[in-house]
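Everything below belongs to target_34.txt, which stores compact mmCIF, C-alpha atoms.
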```
# COMPACT_ATOMS: atom_id res chain seq x y z
CA ARG A 27 -21.38 8.60 -12.25
CA LEU A 28 -23.25 5.26 -12.07
CA GLN A 29 -25.67 6.38 -14.75
CA LYS A 30 -22.82 7.36 -17.04
CA LEU A 31 -21.06 4.05 -16.40
CA LYS A 32 -24.27 2.16 -17.15
CA GLU A 33 -24.82 4.00 -20.44
CA MET A 34 -21.25 3.36 -21.54
CA PHE A 35 -21.59 -0.31 -20.56
CA ILE A 36 -24.71 -0.70 -22.70
CA SER A 37 -23.08 0.94 -25.71
CA LYS A 38 -19.97 -1.25 -25.25
CA PHE A 39 -21.54 -4.65 -24.55
CA GLY A 40 -25.10 -4.25 -25.88
CA SER A 41 -26.80 -5.08 -22.57
CA ALA A 42 -27.08 -3.61 -19.07
CA PRO A 43 -24.81 -4.47 -16.12
CA LYS A 44 -26.33 -6.73 -13.43
CA PHE A 45 -24.34 -5.29 -10.53
CA TYR A 46 -21.55 -2.86 -9.58
CA ALA A 47 -18.59 -3.27 -7.20
CA ARG A 48 -16.61 -0.47 -5.58
CA ALA A 49 -13.29 -0.51 -3.70
CA PRO A 50 -11.68 2.64 -2.27
CA GLY A 51 -8.10 3.84 -2.38
CA ARG A 52 -6.41 4.65 0.90
CA VAL A 53 -4.05 7.06 2.54
CA ASN A 54 -1.72 5.81 5.23
CA LEU A 55 -1.57 8.39 8.03
CA ILE A 56 1.43 6.76 9.68
CA GLY A 57 3.21 3.40 9.55
CA GLU A 58 5.07 3.25 6.24
CA HIS A 59 6.79 0.06 5.03
CA ILE A 60 6.13 -1.87 8.22
CA ASP A 61 3.07 -3.99 7.36
CA TYR A 62 5.21 -6.60 5.57
CA CYS A 63 7.44 -6.67 8.69
CA GLY A 64 4.39 -7.71 10.75
CA TYR A 65 3.63 -4.35 12.39
CA ALA A 66 0.35 -2.47 12.76
CA VAL A 67 -0.39 0.49 10.47
CA LEU A 68 -2.86 3.37 10.60
CA PRO A 69 -4.59 4.06 7.26
CA MET A 70 -7.99 5.40 6.26
CA ALA A 71 -9.98 4.81 3.08
CA ILE A 72 -10.41 7.83 0.81
CA GLU A 73 -13.39 8.82 -1.28
CA GLN A 74 -11.55 8.12 -4.57
CA ASP A 75 -12.22 4.59 -5.74
CA ILE A 76 -12.37 1.90 -8.42
CA LEU A 77 -15.90 1.20 -9.68
CA ILE A 78 -16.70 -1.76 -11.93
CA ALA A 79 -19.97 -2.47 -13.77
CA VAL A 80 -20.45 -6.20 -14.32
CA GLU A 81 -22.59 -8.59 -16.31
CA PRO A 82 -21.99 -12.33 -15.77
CA VAL A 83 -22.15 -14.17 -19.13
CA GLN A 84 -22.56 -17.76 -20.33
CA THR A 85 -19.28 -17.88 -22.27
CA GLN A 86 -16.14 -18.59 -20.26
CA VAL A 87 -14.53 -15.34 -21.27
CA VAL A 88 -13.76 -12.23 -19.24
CA GLN A 89 -13.94 -9.01 -21.25
CA LEU A 90 -12.42 -5.98 -19.58
CA ALA A 91 -12.83 -2.39 -20.71
CA ASN A 92 -11.90 0.91 -19.08
CA ILE A 93 -13.69 4.22 -19.53
CA ASN A 94 -10.24 5.80 -19.74
CA SER A 95 -9.22 5.16 -23.36
CA SER A 96 -5.50 5.11 -22.51
CA TYR A 97 -6.13 1.71 -20.87
CA LEU A 98 -6.68 -0.82 -23.66
CA ASP A 99 -9.47 -3.41 -23.74
CA PHE A 100 -8.51 -6.93 -22.79
CA SER A 101 -10.16 -10.33 -22.91
CA THR A 102 -9.13 -13.81 -21.80
CA SER A 103 -10.53 -17.26 -21.12
CA VAL A 104 -11.37 -17.64 -17.42
CA ASN A 105 -9.74 -21.07 -17.47
CA ASN A 106 -6.38 -19.81 -18.61
CA ILE A 107 -5.30 -16.83 -16.50
CA GLN A 108 -1.79 -15.63 -17.41
CA ILE A 109 -0.35 -12.76 -15.34
CA ASN A 110 2.61 -11.00 -16.89
CA LYS A 111 5.04 -9.81 -14.20
CA THR A 112 7.49 -8.19 -16.58
CA LYS A 113 5.26 -5.35 -17.74
CA PRO A 114 2.46 -4.73 -15.23
CA GLN A 115 -0.57 -3.48 -17.18
CA TRP A 116 -3.90 -2.50 -15.67
CA HIS A 117 -5.71 -5.73 -16.59
CA ASN A 118 -3.09 -7.83 -14.76
CA TYR A 119 -4.24 -6.38 -11.44
CA PHE A 120 -7.81 -7.40 -12.27
CA LEU A 121 -6.55 -10.90 -13.11
CA CYS A 122 -4.80 -11.12 -9.70
CA GLY A 123 -8.14 -10.65 -7.88
CA LEU A 124 -9.92 -13.01 -10.27
CA LYS A 125 -7.30 -15.74 -9.90
CA GLY A 126 -7.20 -15.39 -6.10
CA ILE A 127 -10.92 -16.12 -5.77
CA GLN A 128 -10.83 -18.91 -8.37
CA GLU A 129 -8.01 -20.66 -6.56
CA HIS A 130 -9.53 -20.18 -3.11
CA PHE A 131 -12.73 -21.96 -4.13
CA GLY A 132 -11.08 -24.29 -6.68
CA LEU A 133 -13.55 -23.10 -9.32
CA ASN A 134 -13.32 -25.41 -12.34
CA ASN A 135 -15.68 -23.59 -14.64
CA PRO A 136 -15.83 -20.01 -13.39
CA THR A 137 -18.42 -17.61 -14.76
CA GLY A 138 -17.42 -15.39 -17.67
CA MET A 139 -18.00 -11.64 -17.26
CA ASN A 140 -18.22 -8.37 -19.13
CA CYS A 141 -16.70 -5.61 -17.01
CA LEU A 142 -16.36 -1.87 -17.48
CA LEU A 143 -14.11 -0.02 -15.07
CA ASP A 144 -14.05 3.59 -13.91
CA GLY A 145 -11.30 4.75 -11.54
CA THR A 146 -10.89 8.06 -9.71
CA ILE A 147 -7.70 7.19 -7.76
CA PRO A 148 -4.69 8.85 -9.44
CA PRO A 149 -2.55 5.94 -10.75
CA SER A 150 0.98 5.28 -9.42
CA SER A 151 0.46 7.94 -6.75
CA GLY A 152 0.84 5.88 -3.56
CA LEU A 153 -2.93 5.92 -2.90
CA SER A 154 -3.25 2.24 -3.64
CA SER A 155 -5.03 2.27 -7.01
CA SER A 156 -3.56 -1.13 -7.91
CA SER A 157 -4.67 -2.83 -4.66
CA ALA A 158 -8.12 -1.24 -4.97
CA LEU A 159 -8.38 -2.80 -8.43
CA VAL A 160 -7.27 -6.22 -7.12
CA CYS A 161 -9.85 -5.97 -4.30
CA CYS A 162 -12.62 -4.83 -6.62
CA ALA A 163 -11.86 -7.69 -9.03
CA GLY A 164 -11.94 -10.18 -6.15
CA LEU A 165 -15.32 -8.84 -5.06
CA VAL A 166 -16.65 -8.96 -8.64
CA THR A 167 -15.51 -12.58 -9.13
CA LEU A 168 -16.96 -13.62 -5.77
CA ARG A 169 -20.36 -12.12 -6.60
CA ALA A 170 -20.48 -13.36 -10.21
CA ASN A 171 -19.80 -16.92 -9.04
CA GLY A 172 -22.40 -16.78 -6.26
CA LYS A 173 -19.88 -17.25 -3.43
CA THR A 174 -19.53 -15.46 -0.08
CA LEU A 175 -16.62 -14.66 2.21
CA SER A 176 -16.07 -12.40 5.22
CA LYS A 177 -14.29 -9.07 4.69
CA VAL A 178 -11.27 -10.36 6.57
CA GLU A 179 -11.05 -13.48 4.35
CA LEU A 180 -11.40 -11.33 1.24
CA ALA A 181 -8.63 -9.00 2.41
CA GLU A 182 -6.33 -11.94 3.09
CA ILE A 183 -7.00 -13.56 -0.31
CA CYS A 184 -6.47 -10.29 -2.17
CA THR A 185 -3.21 -9.64 -0.27
CA LYS A 186 -1.88 -13.03 -1.37
CA SER A 187 -3.15 -12.72 -4.92
CA GLU A 188 -1.56 -9.32 -5.55
CA ARG A 189 1.79 -11.13 -5.18
CA TYR A 190 1.08 -12.82 -8.54
CA ILE A 191 2.25 -9.58 -10.11
CA GLY A 192 5.51 -9.67 -8.17
CA THR A 193 4.88 -7.14 -5.38
CA GLU A 194 5.77 -8.49 -1.93
CA GLY A 195 3.18 -6.34 -0.11
CA GLY A 196 2.14 -6.75 3.49
CA GLY A 197 -1.64 -6.46 3.45
CA MET A 198 -2.40 -2.93 4.62
CA ASP A 199 -3.93 -1.76 1.33
CA GLN A 200 -6.27 -4.70 0.89
CA SER A 201 -7.28 -4.71 4.56
CA ILE A 202 -8.34 -1.07 4.67
CA SER A 203 -10.06 -1.39 1.29
CA PHE A 204 -12.42 -4.00 2.78
CA LEU A 205 -12.52 -3.09 6.48
CA ALA A 206 -12.79 0.71 6.28
CA GLU A 207 -15.81 2.48 7.79
CA GLU A 208 -16.95 6.01 7.13
CA GLY A 209 -15.74 8.63 9.60
CA THR A 210 -12.92 6.67 11.20
CA ALA A 211 -9.32 5.71 10.46
CA LYS A 212 -8.27 2.18 11.46
CA LEU A 213 -5.41 0.62 13.34
CA ILE A 214 -4.80 -2.53 11.32
CA GLU A 215 -2.93 -5.38 12.98
CA PHE A 216 -1.77 -8.58 11.30
CA SER A 217 -1.59 -12.29 12.21
CA PRO A 218 -4.47 -12.45 12.95
CA LEU A 219 -5.86 -9.59 10.87
CA ARG A 220 -7.99 -7.16 12.87
CA ALA A 221 -9.04 -3.53 12.60
CA THR A 222 -9.73 -1.08 15.45
CA ASP A 223 -11.42 2.31 15.01
CA VAL A 224 -9.20 5.35 15.51
CA ARG A 225 -11.17 8.58 15.89
CA LEU A 226 -9.15 11.42 14.43
CA PRO A 227 -9.17 14.67 16.45
CA SER A 228 -11.50 17.44 15.37
CA GLY A 229 -10.11 20.75 14.18
CA ALA A 230 -7.85 19.29 11.50
CA THR A 231 -8.34 18.04 7.95
CA PHE A 232 -6.12 15.62 6.05
CA VAL A 233 -4.97 16.86 2.66
CA ILE A 234 -3.44 14.70 -0.06
CA ALA A 235 -1.00 16.28 -2.51
CA ASN A 236 0.38 14.38 -5.48
CA SER A 237 4.05 15.05 -6.31
CA CYS A 238 3.21 14.02 -9.92
CA VAL A 239 6.21 11.68 -9.89
CA GLU A 240 4.75 8.29 -10.80
CA MET A 241 6.02 5.16 -9.14
CA ASN A 242 4.70 1.71 -10.01
CA LYS A 243 6.00 -0.59 -7.30
CA ALA A 244 5.52 -3.72 -9.41
CA ALA A 245 7.66 -2.22 -12.18
CA THR A 246 10.67 -1.23 -10.06
CA SER A 247 12.87 -3.19 -7.68
CA HIS A 248 13.23 -0.55 -4.89
CA TYR A 249 10.23 -1.91 -3.02
CA ASN A 250 11.19 -5.59 -3.13
CA ILE A 251 14.81 -4.77 -2.20
CA ARG A 252 13.52 -3.11 1.00
CA VAL A 253 11.42 -6.20 1.80
CA MET A 254 14.54 -8.34 1.37
CA GLU A 255 16.74 -6.02 3.46
CA CYS A 256 14.23 -6.28 6.31
CA ARG A 257 14.26 -10.09 5.97
CA LEU A 258 18.08 -10.18 6.09
CA ALA A 259 18.13 -7.83 9.11
CA THR A 260 15.66 -10.22 10.78
CA LYS A 261 18.02 -13.14 10.22
CA LEU A 262 21.14 -11.35 11.47
CA LEU A 263 19.38 -10.03 14.59
CA SER A 264 17.94 -13.51 15.27
CA LYS A 265 21.31 -15.23 14.84
CA SER A 266 23.02 -12.77 17.19
CA LYS A 267 20.44 -13.57 19.89
CA GLY A 268 20.64 -17.33 19.47
CA LEU A 269 17.19 -17.68 17.89
CA GLU A 270 16.33 -20.13 15.10
CA TRP A 271 17.21 -17.60 12.41
CA ARG A 272 16.31 -19.84 9.46
CA LYS A 273 12.66 -19.77 10.51
CA MET A 274 12.50 -16.02 11.14
CA LEU A 275 11.10 -13.89 8.32
CA ARG A 276 9.87 -10.61 9.81
CA LEU A 277 11.31 -8.03 12.18
CA HIS A 278 8.20 -8.37 14.34
CA ASP A 279 9.01 -12.07 14.90
CA VAL A 280 12.34 -11.13 16.51
CA GLN A 281 10.65 -8.78 18.97
CA THR A 282 7.98 -11.38 19.80
CA LYS A 283 10.51 -14.18 20.35
CA LEU A 284 12.73 -12.00 22.55
CA GLY A 285 9.73 -10.66 24.49
CA VAL A 286 11.05 -7.09 24.53
CA ASN A 287 9.51 -3.71 23.67
CA LEU A 288 10.25 -1.56 20.60
CA GLU A 289 12.62 0.70 22.52
CA GLU A 290 14.71 -2.33 23.49
CA MET A 291 14.66 -3.59 19.89
CA LEU A 292 16.15 -0.27 18.77
CA THR A 293 18.97 -0.74 21.31
CA ILE A 294 19.60 -4.26 19.96
CA VAL A 295 19.78 -2.88 16.39
CA GLU A 296 22.47 -0.41 17.57
CA GLU A 297 24.44 -3.24 19.23
CA VAL A 298 24.20 -5.85 16.48
CA LEU A 299 24.06 -4.09 13.10
CA HIS A 300 26.49 -1.56 11.63
CA PRO A 301 25.47 1.49 9.56
CA GLU A 302 27.78 0.63 6.64
CA PRO A 303 26.14 -1.43 3.89
CA TYR A 304 26.59 -5.21 4.10
CA SER A 305 27.95 -7.17 1.14
CA ALA A 306 26.42 -10.55 0.29
CA GLU A 307 29.73 -12.13 1.45
CA GLU A 308 29.56 -10.44 4.86
CA ILE A 309 25.96 -11.59 5.33
CA CYS A 310 27.04 -15.16 4.55
CA LYS A 311 29.87 -14.87 7.07
CA CYS A 312 27.50 -13.59 9.79
CA LEU A 313 25.04 -16.40 9.15
CA GLY A 314 27.67 -19.08 8.54
CA ILE A 315 26.32 -20.06 5.13
CA SER A 316 27.62 -20.20 1.55
CA LEU A 317 26.83 -17.62 -1.12
CA GLU A 318 25.02 -20.40 -2.96
CA GLU A 319 22.75 -21.00 0.06
CA LEU A 320 22.06 -17.26 0.46
CA ARG A 321 21.01 -17.03 -3.19
CA SER A 322 18.93 -20.19 -3.35
CA GLN A 323 17.38 -20.20 0.14
CA ILE A 324 16.96 -16.55 1.13
CA LEU A 325 17.17 -14.09 -1.77
CA SER A 326 14.17 -14.06 -4.10
CA GLN A 327 14.59 -14.61 -7.83
CA ASN A 328 14.72 -10.90 -8.70
CA MET A 329 17.26 -10.09 -5.96
CA GLN A 330 20.11 -12.31 -7.21
CA ASP A 331 22.16 -9.41 -8.63
CA VAL A 332 21.86 -7.03 -5.66
CA SER A 333 25.35 -6.69 -4.18
CA THR A 334 24.90 -4.52 -1.05
CA PHE A 335 22.22 -4.30 1.62
CA LYS A 336 21.51 -1.60 4.23
CA LEU A 337 20.27 -3.56 7.22
CA TYR A 338 20.85 -1.17 10.14
CA GLN A 339 18.94 1.71 8.49
CA ARG A 340 15.96 -0.46 7.46
CA ALA A 341 15.57 -2.13 10.87
CA LYS A 342 15.92 1.20 12.65
CA HIS A 343 13.15 2.71 10.51
CA VAL A 344 10.81 -0.23 11.03
CA TYR A 345 11.08 -0.40 14.82
CA SER A 346 10.86 3.39 15.29
CA GLU A 347 7.93 3.69 12.84
CA ALA A 348 6.08 0.83 14.60
CA ALA A 349 6.44 2.79 17.86
CA ARG A 350 5.11 5.96 16.18
CA VAL A 351 1.97 4.12 15.05
CA LEU A 352 1.15 3.04 18.61
CA GLU A 353 1.87 6.54 19.91
CA PHE A 354 -0.40 8.05 17.23
CA GLN A 355 -3.26 5.73 18.24
CA LYS A 356 -2.71 6.52 21.93
CA ILE A 357 -2.86 10.29 21.32
CA CYS A 358 -6.08 9.91 19.30
CA SER A 359 -7.75 7.88 22.05
CA GLU A 360 -6.60 10.08 24.95
CA ALA A 361 -7.18 13.35 23.02
CA PRO A 362 -4.98 15.71 25.10
CA ALA A 363 -5.33 19.47 24.51
CA ASN A 364 -2.21 19.54 22.30
CA ALA A 365 -3.17 16.36 20.35
CA LEU A 366 -2.79 17.98 16.93
CA GLN A 367 0.74 19.23 17.69
CA LEU A 368 1.78 15.79 18.98
CA LEU A 369 0.35 13.98 15.95
CA GLY A 370 1.96 16.51 13.61
CA GLU A 371 5.32 15.88 15.25
CA LEU A 372 4.96 12.10 14.71
CA MET A 373 4.12 12.66 11.03
CA LYS A 374 7.23 14.83 10.61
CA GLN A 375 9.45 12.23 12.33
CA SER A 376 7.94 9.54 10.12
CA HIS A 377 8.86 11.47 6.97
CA ILE A 378 12.43 12.07 8.14
CA SER A 379 12.83 8.35 8.85
CA CYS A 380 11.39 7.42 5.43
CA ARG A 381 13.76 9.87 3.78
CA GLU A 382 16.97 9.17 5.74
CA MET A 383 16.68 5.58 6.99
CA TYR A 384 14.42 3.87 4.47
CA GLU A 385 15.45 6.08 1.55
CA CYS A 386 12.03 5.81 -0.07
CA SER A 387 11.39 9.48 -0.74
CA CYS A 388 12.55 11.62 -3.69
CA PRO A 389 13.44 15.34 -4.13
CA GLU A 390 9.95 16.31 -5.39
CA VAL A 391 8.20 14.62 -2.44
CA ASP A 392 10.61 16.24 0.03
CA ARG A 393 9.98 19.63 -1.54
CA LEU A 394 6.22 19.11 -1.38
CA VAL A 395 6.43 18.19 2.33
CA ASP A 396 8.45 21.36 2.97
CA ILE A 397 5.94 23.50 1.06
CA CYS A 398 3.01 22.00 3.00
CA LEU A 399 4.72 22.66 6.35
CA GLN A 400 5.67 26.17 5.25
CA PHE A 401 2.03 27.00 4.46
CA GLY A 402 0.54 25.84 7.73
CA ALA A 403 0.37 22.02 7.83
CA ILE A 404 0.87 20.80 11.42
CA GLY A 405 2.43 17.60 10.07
CA SER A 406 3.26 16.29 6.59
CA ARG A 407 4.85 13.12 5.23
CA LEU A 408 5.05 10.87 2.21
CA THR A 409 2.33 8.22 2.03
CA GLY A 410 2.36 4.92 0.14
CA ALA A 411 5.45 3.12 -1.11
CA GLY A 412 7.25 6.38 -1.88
CA TRP A 413 9.85 7.19 -4.57
CA GLY A 414 7.19 9.57 -5.88
CA GLY A 415 3.44 9.56 -5.33
CA CYS A 416 1.66 11.56 -2.65
CA THR A 417 2.11 13.36 0.62
CA VAL A 418 -0.48 13.54 3.38
CA SER A 419 -0.67 16.67 5.54
CA MET A 420 -2.68 17.50 8.64
CA VAL A 421 -4.02 21.05 8.27
CA PRO A 422 -6.05 23.14 10.75
CA THR A 423 -9.57 23.13 9.25
CA ASP A 424 -9.93 26.90 9.60
CA LYS A 425 -6.80 27.41 7.48
CA LEU A 426 -7.68 24.87 4.81
CA ASN A 427 -8.61 27.21 1.96
CA THR A 428 -5.55 29.42 2.31
CA PHE A 429 -3.38 26.31 2.57
CA LEU A 430 -4.78 24.81 -0.66
CA LYS A 431 -4.36 28.09 -2.52
CA ASN A 432 -0.75 28.57 -1.40
CA VAL A 433 0.33 24.98 -2.10
CA LYS A 434 -1.27 25.15 -5.56
CA LYS A 435 0.67 28.26 -6.35
CA ALA A 436 3.99 27.09 -4.92
CA TYR A 437 4.06 23.53 -6.26
CA TYR A 438 1.65 23.12 -9.16
CA GLN A 439 1.47 26.45 -10.92
CA SER A 440 5.22 26.73 -11.27
CA ASP A 441 5.32 23.73 -13.61
CA GLY A 442 3.34 23.21 -16.83
CA GLN A 443 3.07 19.44 -16.47
CA ARG A 444 1.81 19.64 -12.88
CA LEU A 445 -0.54 22.47 -13.76
CA ALA A 446 -2.35 20.18 -16.22
CA VAL A 447 -3.29 17.71 -13.45
CA GLU A 448 -3.60 20.01 -10.43
CA ASP A 449 -7.37 19.48 -10.03
CA ASN A 450 -6.90 15.79 -9.21
CA SER A 451 -3.62 16.31 -7.41
CA LEU A 452 -4.51 18.32 -4.31
CA PHE A 453 -7.57 17.56 -2.23
CA ALA A 454 -8.87 17.31 1.31
CA THR A 455 -10.28 13.92 2.26
CA LYS A 456 -12.32 12.32 5.04
CA PRO A 457 -12.22 8.67 6.15
CA GLY A 458 -14.47 6.83 3.67
CA ARG A 459 -16.20 3.44 3.71
CA GLY A 460 -14.88 0.12 2.50
CA ALA A 461 -15.57 -2.02 -0.56
CA LEU A 462 -19.13 -3.02 -1.42
CA VAL A 463 -21.40 -4.45 -4.12
CA PHE A 464 -24.67 -2.88 -5.25
CA VAL A 465 -27.24 -4.40 -7.55
CA GLU A 466 -29.33 -2.79 -10.29
CA ALA A 467 -32.76 -2.02 -8.78
```
What is this file in structure tokens?
Amino acid sequence: RLQKLKEMFISKFGSAPKFYARAPGRVNLIGEHIDYCGYAVLPMAIEQDILIAVEPVQTQVVQLANINSSYLDFSTSVNNIQINKTKPQWHNYFLCGLKGIQEHFGLNNPTGMNCLLDGTIPPSSGLSSSSALVCCAGLVTLRANGKTLSKVELAEICTKSERYIGTEGGGMDQSISFLAEEGTAKLIEFSPLRATDVRLPSGATFVIANSCVEMNKAATSHYNIRVMECRLATKLLSKSKGLEWRKMLRLHDVQTKLGVNLEEMLTIVEEVLHPEPYSAEEICKCLGISLEELRSQILSQNMQDVSTFKLYQRAKHVYSEAARVLEFQKICSEAPANALQLLGELMKQSHISCREMYECSCPEVDRLVDICLQFGAIGSRLTGAGWGGCTVSMVPTDKLNTFLKNVKKAYYQSDGQRLAVEDNSLFATKPGRGALVFVEA
């Protein structure tokens, strides 16, 4: 693959690359939509990745090309980075990583670069292809400008810089992309960012299946509406408990301030919030503020027209999912005889909560989860933002081949469009290593 990338680079730019950077995609085993609420998640890096060949150049221009011809070439002056939020194209994710590093170091005359990209992560599939590209671009810019940072610092910069494209992400994708190690999943905690090894039990293999429904979270508002609903739930819960609600942004902050456990937080949600959707007017009444203040102080620019918010369901999902993550880690470390069954049960509960409470699934993903469970998965759930994308299933290793064959037949071979992409859509994966740079020998 490297050799092929090098040859294509030479034919494109007329000289050889000086170095390569790689950043992996990831699959989240459990802990969906809770990183931006401040809670720990449990992902692992996958073998699929973004690989970029790079040659620093004297001109202050970045030239980007992709070996996939459906992604158009792009070039820009390094001193004038414009990121278009309205129509997220592939090069904008590269520019996020580039801009993040430039701003961190206050680089006045950053190095120009020729870059050729090769990606093996299926796009818009919930396996974090966009964050892997942001991370890879950050790494490329860092190296080309002769700067160094720790992996944790890089992850934090790339998390912030991906927001230039309008996605209010929480940091899981960038953290695992840099902090992953081969052979182990990671419990990733935030504020401060840290990663702990989680050894997955033997006897099972994780299988990723793509529903073939694409979802680009920067191009739709579902994702950012959920972020906002969690923020509003935070404020209503804080106000009801006499906390300084104006300062509270994340559901985790409420738990920390009250000094209670997740079980108790779920009881508080039941007491304080109602299952019926809240109107903007009702939220204002609860908080004692005007509609004008809600719109200017709390709702983000792209949320001004949203008229109803489901706060009870979102908070309930977040607190119960946060508890499932800790339980999953505990089972992995204690390794009881029925560990696989227990983990499978948590994955199933997670999917039900994503479907019913967070409403971030879709009919195709639900069907795929059912098919995987029907053909022998011990647990199966959506992974990534949802509304399409992939499922992750835990399958007994000795049943893997039969499982793959049956799922192929039931989900992919019944549909011409899916059949065309089935080779890249269903695969077993092991925890892979994090982002790195390698230099031409």
Taking the point (4.0, 10.9, 2.1) as given in the file, collect each protein or nucleic acid residue that comes within 8 Å of it, counting all atoms listed in the file, and present the set as a ChimeraX atom specification.
/A:377,391,395,406-410,412,415-418
For Tyr338 in chain A, which of A:Gln281, A:Ser156, A:Thr85, A:Thr260 is the closest residue, counting all atoms listed in the file?
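Closest to Tyr338 in chain A, using all atoms listed in the file: A:Thr260.
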Applying 12 Å and only C-alpha atoms, which residues near Gly132 in chain A remain after dropping the ones on its own chain fewer than 5 positions away? List them as an MDAnalysis selection string.
chainID A and resid 105 124:127 171 173
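If you look at CA of Leu142 in chain A and CA of Val53 in chain A, they are 25.1 Å away from each other.
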Gln200 in chain A proximity check over A:Gly64, A:Pro43, A:Gly285, A:Gly460, using all atoms listed in the file: winner is A:Gly460
For Glu182 in chain A, which residue out of A:Leu219, A:Val160, A:Leu399, A:Ala341 is the nearest one, using all atoms listed in the file?
A:Leu219
Please, what distance in Å, to one decimal, runs between CA of Ala363 in chain A and CA of Asn54 in chain A?
23.9 Å
Can you tell me how far CA of Met70 in chain A sits from CA of Met241 in chain A, in Å to one decimal?
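Atom-to-atom, CA of Met70 in chain A and CA of Met241 in chain A are spaced 20.8 Å apart.
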Nearest to His59 in chain A, restricted to all atoms listed in the file and choosing among A:Ala411, A:Met373, A:Val104, A:Leu31, comes out as A:Ala411
Please identify every residue of range 328-372 of chain A that has at least one atom no farther than 9 Å from an atom of range 225-234 of chain A, counting only C-alpha atoms, and for each give the shortest atom pair and the distance in Å to one decimal, arranged by chain then increasing number, as a Markdown table.
```
| residue | atom | partner | partner_atom | distance |
| --- | --- | --- | --- | --- |
| A:Gln355 | CA | A:Arg225 | CA | 8.7 |
| A:Cys358 | CA | A:Leu226 | CA | 6.0 |
| A:Ser359 | CA | A:Arg225 | CA | 7.1 |
| A:Ala361 | CA | A:Pro227 | CA | 7.0 |
| A:Ala365 | CA | A:Pro227 | CA | 7.4 |
| A:Leu366 | CA | A:Pro227 | CA | 7.2 |
```
May I ask which of the residues A:Pro301, A:His117, A:Ile191, A:Ile60 is the closest one to Cys256 in chain A, counting all atoms listed in the file?
A:Ile60
Nearest to Thr334 in chain A by atom-to-atom distance, counting all atoms listed in the file, from A:Lys30, A:Lys435, A:Arg52, A:Arg252
A:Arg252
Would you list the contacts of Ser101 in chain A as a ChimeraX atom specification, taking every protein, DNA or RNA residue within 6 Å and counting all atoms listed in the file, but skipping same-chain residues closer than 6 positions in sequence?
/A:88-90
Can you build me a table of range 160-213 of chain A residues sitting at most 12 Å from range 314-331 of chain A, with the closest atom pair per residue and its distance in Å to one decimal, using only C-alpha atoms, sorted by chain and residue number, as JSON lines?
```
{"residue": "A:Gly192", "atom": "CA", "partner": "A:Asn328", "partner_atom": "CA", "distance": 9.3}
{"residue": "A:Thr193", "atom": "CA", "partner": "A:Asn328", "partner_atom": "CA", "distance": 11.0}
{"residue": "A:Glu194", "atom": "CA", "partner": "A:Ser326", "partner_atom": "CA", "distance": 10.3}
```
Could you add whatever atoms are missing so that range 361-372 of chain A carries N, CA and C atoms, then write the result as a short mmCIF file (atom, residue, chain, number, x, y, z; two decimals), keeping the file's coordinate frame?
```cif
data_model
loop_
_atom_site.label_atom_id
_atom_site.label_comp_id
_atom_site.auth_asym_id
_atom_site.auth_seq_id
_atom_site.Cartn_x
_atom_site.Cartn_y
_atom_site.Cartn_z
N ALA A 361 -6.81 12.00 23.45
CA ALA A 361 -7.18 13.35 23.02
C ALA A 361 -6.74 14.46 23.98
N PRO A 362 -5.44 14.59 24.26
CA PRO A 362 -4.98 15.71 25.10
C PRO A 362 -5.20 17.04 24.36
N ALA A 363 -5.07 18.15 25.10
CA ALA A 363 -5.33 19.47 24.51
C ALA A 363 -4.40 19.76 23.32
N ASN A 364 -3.16 19.26 23.39
CA ASN A 364 -2.21 19.54 22.30
C ASN A 364 -2.10 18.35 21.33
N ALA A 365 -3.18 17.58 21.19
CA ALA A 365 -3.17 16.36 20.35
C ALA A 365 -2.66 16.65 18.94
N LEU A 366 -3.16 17.72 18.33
CA LEU A 366 -2.79 17.98 16.93
C LEU A 366 -1.28 18.21 16.80
N GLN A 367 -0.71 18.97 17.74
CA GLN A 367 0.74 19.23 17.69
C GLN A 367 1.53 17.92 17.82
N LEU A 368 1.07 17.07 18.75
CA LEU A 368 1.78 15.79 18.98
C LEU A 368 1.70 14.89 17.75
N LEU A 369 0.51 14.81 17.14
CA LEU A 369 0.35 13.98 15.95
C LEU A 369 1.18 14.54 14.79
N GLY A 370 1.19 15.87 14.67
CA GLY A 370 1.96 16.51 13.61
C GLY A 370 3.45 16.18 13.74
N GLU A 371 3.91 16.19 14.98
CA GLU A 371 5.32 15.88 15.25
C GLU A 371 5.65 14.44 14.81
N LEU A 372 4.75 13.51 15.11
CA LEU A 372 4.96 12.10 14.71
C LEU A 372 5.00 11.97 13.18
#
```
